[in-house]
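Peer 1: Have a look at the structure that comes next, please.
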Amino acid sequence: ETLARWLAAAGGRRVVLFALLPLVAAELVSTGSSWWLTRWAAAPATAQLPYLLGFAGWAVASAVLVVVRSRMMLSLGLLAGEVLHSDLLTRVLAAPLSFFDVTPRGRVLSRFSREMLIVDVSLPSALQTYLSTLASVGSTALVVLAASPLFGAFLLPLAFAYSAVQAFYSASSRELKRVEAATRSPLLSHVAASLDGLATIRAFDARRRFGSECERTLDANLRASLASALVNCWLGLRLELLGATISAAAAALAFARNSASASASSAIAAGLRGAGGGGTAA
């Protein structure tokens, strides 16, 4: 639901689909550069310059498309952030006074600071990373399937493993983000109240008490942030393990295919030698 509102604020599905074109084009260019590199490796030594210039062209095209992709995703993020910020500001200014009586000031500050930063910067960056990784994984899987069709037998258990990790991580990370946001609100409220009453705090010599309270709220927020970072490390370790499993499976299939081809070639050669020896003896 949150992502759907962000997409609507960014301009709707048509604008997002238009922004995906550089991403798909960049992945196609990356695959094409790898294909050109394989042709270059098999080319004779006298034809190195054309392949070198061609590979340079592929690299320049890939770099340009990556810049265009990043620029478009950043523009979408800024556009969505502007729309959502205007809507948030309008609703807050139109809210009754009872809203400010029951809502902590730190929660309002958190909405306009940290959470708007996520909408403007973090969410477009995460979405771009997710889509580029998805396109890269899809193209790599297609190439591996074309080279080793037996690799398809590993796709179903790997997809199940990825889905299980994703479901566990999403539920945990979502709740930890909520805890982090909930602990950030008291911290901002305490800092704002301390700044407003700084003269009173000094007059009553309550600096130590307010400092201890600030440290307590800061520790609570840092504990939630540390737990969120540890969950990210947990996810990274599992993803690296699954990636290593995929690489090992692809390498084993390639080795088995090459071994089978070598065995077949040896059997054919032995058969031909046997047939040649039998014909000579006859």
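Residues are named by chain letter and number: chains run A, B, ... in the order of the structure tokens, numbers start at 1 in each chain, and ligands are numbered from 1 in the order shown.
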Name all residues at most 12 Å from Val64 (chain A) (count only C-alpha atoms; drop same-chain ones fewer than 3 positions away) and give them as a PyMOL selection string.

Peer 2: chain A and resi 22-23+25-26+29-30+57-61+67-71

Peer 1: Would you list the contacts of region 102-110 of chain A as a ChimeraX atom specification, taking every protein, DNA or RNA residue within 6 Å and counting only C-alpha atoms, but skipping same-chain residues closer than 2 positions in sequence?

Peer 2: /A:99-100,112-114,185,188-189

Peer 1: Using N, CA, C and O atoms, can you export the residues from the last selection as a PDB file, in the first residue's frame?

Peer 2:
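File written: out-v5.pdb
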```pdb
ATOM      1  N   PHE A  99      -5.421  17.608  17.861  1.00  0.00           N
ATOM      2  CA  PHE A  99      -4.378  16.739  17.293  1.00  0.00           C
ATOM      3  C   PHE A  99      -3.018  17.029  17.922  1.00  0.00           C
ATOM      4  O   PHE A  99      -2.265  16.114  18.258  1.00  0.00           O
ATOM      5  N   PHE A 100      -2.697  18.290  18.108  1.00  0.00           N
ATOM      6  CA  PHE A 100      -1.401  18.654  18.693  1.00  0.00           C
ATOM      7  C   PHE A 100      -1.374  18.415  20.205  1.00  0.00           C
ATOM      8  O   PHE A 100      -0.291  18.329  20.785  1.00  0.00           O
ATOM      9  N   PHE A 112       8.410  14.828   9.256  1.00  0.00           N
ATOM     10  CA  PHE A 112       8.916  15.822   8.316  1.00  0.00           C
ATOM     11  C   PHE A 112      10.426  15.728   8.103  1.00  0.00           C
ATOM     12  O   PHE A 112      10.948  16.403   7.210  1.00  0.00           O
ATOM     13  N   SER A 113      11.130  14.936   8.888  1.00  0.00           N
ATOM     14  CA  SER A 113      12.593  14.871   8.748  1.00  0.00           C
ATOM     15  C   SER A 113      13.038  13.501   8.248  1.00  0.00           C
ATOM     16  O   SER A 113      13.317  13.313   7.055  1.00  0.00           O
ATOM     17  N   ARG A 114      13.078  12.538   9.149  1.00  0.00           N
ATOM     18  CA  ARG A 114      13.615  11.226   8.820  1.00  0.00           C
ATOM     19  C   ARG A 114      12.779  10.497   7.775  1.00  0.00           C
ATOM     20  O   ARG A 114      13.312   9.966   6.796  1.00  0.00           O
ATOM     21  N   SER A 185      10.825   9.155  18.202  1.00  0.00           N
ATOM     22  CA  SER A 185       9.905  10.237  18.552  1.00  0.00           C
ATOM     23  C   SER A 185      10.157  10.795  19.954  1.00  0.00           C
ATOM     24  O   SER A 185      10.246  12.024  20.121  1.00  0.00           O
ATOM     25  N   LEU A 188      13.383  13.010  19.840  1.00  0.00           N
ATOM     26  CA  LEU A 188      13.201  14.333  19.231  1.00  0.00           C
ATOM     27  C   LEU A 188      12.360  15.240  20.122  1.00  0.00           C
ATOM     28  O   LEU A 188      12.635  16.450  20.217  1.00  0.00           O
ATOM     29  N   SER A 189      11.343  14.668  20.757  1.00  0.00           N
ATOM     30  CA  SER A 189      10.510  15.478  21.667  1.00  0.00           C
ATOM     31  C   SER A 189      11.332  16.002  22.840  1.00  0.00           C
ATOM     32  O   SER A 189      11.196  17.173  23.241  1.00  0.00           O
TER      33      SER A 189
END
```

Peer 1: What gap, in Å, lies between CA of Phe168 (chain A) and CA of Arg13 (chain A)?

Peer 2: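 Distance reported for this atom pair: 28.8 Å.
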
Peer 1: Show me, as a ChimeraX atom specification, the residues that have an atom within 12 Å of Gly211 (chain A) when counting only C-alpha atoms, minus same-chain residues fewer than 5 positions from it.

Peer 2: /A:187,190-191,194,198,201-202,205-206,216-218

Peer 1: Using only C-alpha atoms, which of A:Ala249, A:Ala153, A:Ala256, A:Ala220 sits nearest Arg184 (chain A)?

Peer 2: A:Ala220

Peer 1: Please identify which residues in region 93-214 of chain A DSSP calls alpha helix (DSSP H) from the backbone, and express them as a PyMOL selection string.

Peer 2: chain A and resi 93+97-102+105-112+114-117+123-147+152-196+198-203+207-214

Peer 1: Find the residues around Ala164 (chain A) up to 12 Å (only C-alpha atoms counted), leave out those fewer than 5 positions away in its own chain, and share them as a tab-separated table (two decimals) with all heavy atoms, in the first residue's frame.

Peer 2:
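Final file, out-v8.tsv:
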```tsv
chain	number	residue	atom	x	y	z
A	157	PRO	N	13.70	-25.20	-5.95
A	157	PRO	CA	14.11	-25.15	-4.53
A	157	PRO	C	14.80	-23.84	-4.17
A	157	PRO	O	14.64	-23.34	-3.05
A	157	PRO	CB	15.06	-26.35	-4.39
A	157	PRO	CG	15.47	-26.70	-5.77
A	157	PRO	CD	14.33	-26.34	-6.65
A	158	LEU	N	15.55	-23.25	-5.12
A	158	LEU	CA	16.18	-21.97	-4.83
A	158	LEU	C	15.13	-20.86	-4.68
A	158	LEU	O	15.26	-20.00	-3.80
A	158	LEU	CB	17.17	-21.61	-5.94
A	158	LEU	CG	18.47	-22.41	-5.96
A	158	LEU	CD1	19.29	-22.06	-7.19
A	158	LEU	CD2	19.28	-22.15	-4.69
A	159	ALA	N	14.11	-20.89	-5.53
A	159	ALA	CA	13.04	-19.90	-5.40
A	159	ALA	C	12.31	-20.06	-4.07
A	159	ALA	O	11.95	-19.06	-3.42
A	159	ALA	CB	12.06	-20.04	-6.57
A	169	TYR	N	12.60	-12.18	6.71
A	169	TYR	CA	13.29	-10.90	6.85
A	169	TYR	C	12.31	-9.73	6.81
A	169	TYR	O	12.45	-8.77	7.59
A	169	TYR	CB	14.33	-10.75	5.75
A	169	TYR	CG	14.90	-9.36	5.65
A	169	TYR	CD1	15.86	-8.92	6.55
A	169	TYR	CD2	14.46	-8.47	4.67
A	169	TYR	CE1	16.37	-7.64	6.48
A	169	TYR	CE2	14.97	-7.19	4.59
A	169	TYR	CZ	15.92	-6.77	5.50
A	169	TYR	OH	16.41	-5.50	5.41
A	170	SER	N	11.34	-9.78	5.91
A	170	SER	CA	10.41	-8.65	5.76
A	170	SER	C	9.61	-8.44	7.04
A	170	SER	O	9.45	-7.29	7.51
A	170	SER	CB	9.46	-8.91	4.59
A	170	SER	OG	10.18	-8.97	3.37
A	171	ALA	N	9.11	-9.53	7.63
A	171	ALA	CA	8.34	-9.38	8.86
A	171	ALA	C	9.20	-8.82	10.00
A	171	ALA	O	8.77	-7.91	10.72
A	171	ALA	CB	7.75	-10.73	9.25
A	235	LEU	N	20.49	-11.11	6.73
A	235	LEU	CA	20.01	-11.28	5.36
A	235	LEU	C	21.17	-11.39	4.38
A	235	LEU	O	21.15	-12.24	3.48
A	235	LEU	CB	19.11	-10.11	4.98
A	235	LEU	CG	18.60	-10.11	3.54
A	235	LEU	CD1	17.67	-11.28	3.29
A	235	LEU	CD2	17.90	-8.79	3.23
A	238	ARG	N	22.75	-14.89	4.43
A	238	ARG	CA	21.92	-15.92	3.76
A	238	ARG	C	21.92	-15.74	2.25
A	238	ARG	O	21.98	-16.72	1.50
A	238	ARG	CB	20.48	-15.84	4.27
A	238	ARG	CG	20.17	-16.74	5.46
A	238	ARG	CD	20.92	-16.32	6.68
A	238	ARG	NE	20.68	-17.19	7.83
A	238	ARG	CZ	21.29	-17.03	8.98
A	238	ARG	NH1	22.17	-16.03	9.16
A	238	ARG	NH2	21.06	-17.84	10.00
A	239	LEU	N	21.88	-14.50	1.78
A	239	LEU	CA	21.89	-14.28	0.34
A	239	LEU	C	23.22	-14.68	-0.28
A	239	LEU	O	23.26	-15.23	-1.38
A	239	LEU	CB	21.59	-12.80	0.05
A	239	LEU	CG	20.16	-12.32	0.37
A	239	LEU	CD1	20.01	-10.85	0.02
A	239	LEU	CD2	19.13	-13.17	-0.35
A	242	LEU	N	23.19	-18.46	-0.54
A	242	LEU	CA	22.39	-18.92	-1.67
A	242	LEU	C	23.08	-18.62	-3.00
A	242	LEU	O	23.04	-19.42	-3.94
A	242	LEU	CB	21.01	-18.27	-1.63
A	242	LEU	CG	20.08	-18.74	-0.50
A	242	LEU	CD1	18.80	-17.92	-0.50
A	242	LEU	CD2	19.77	-20.21	-0.65
```
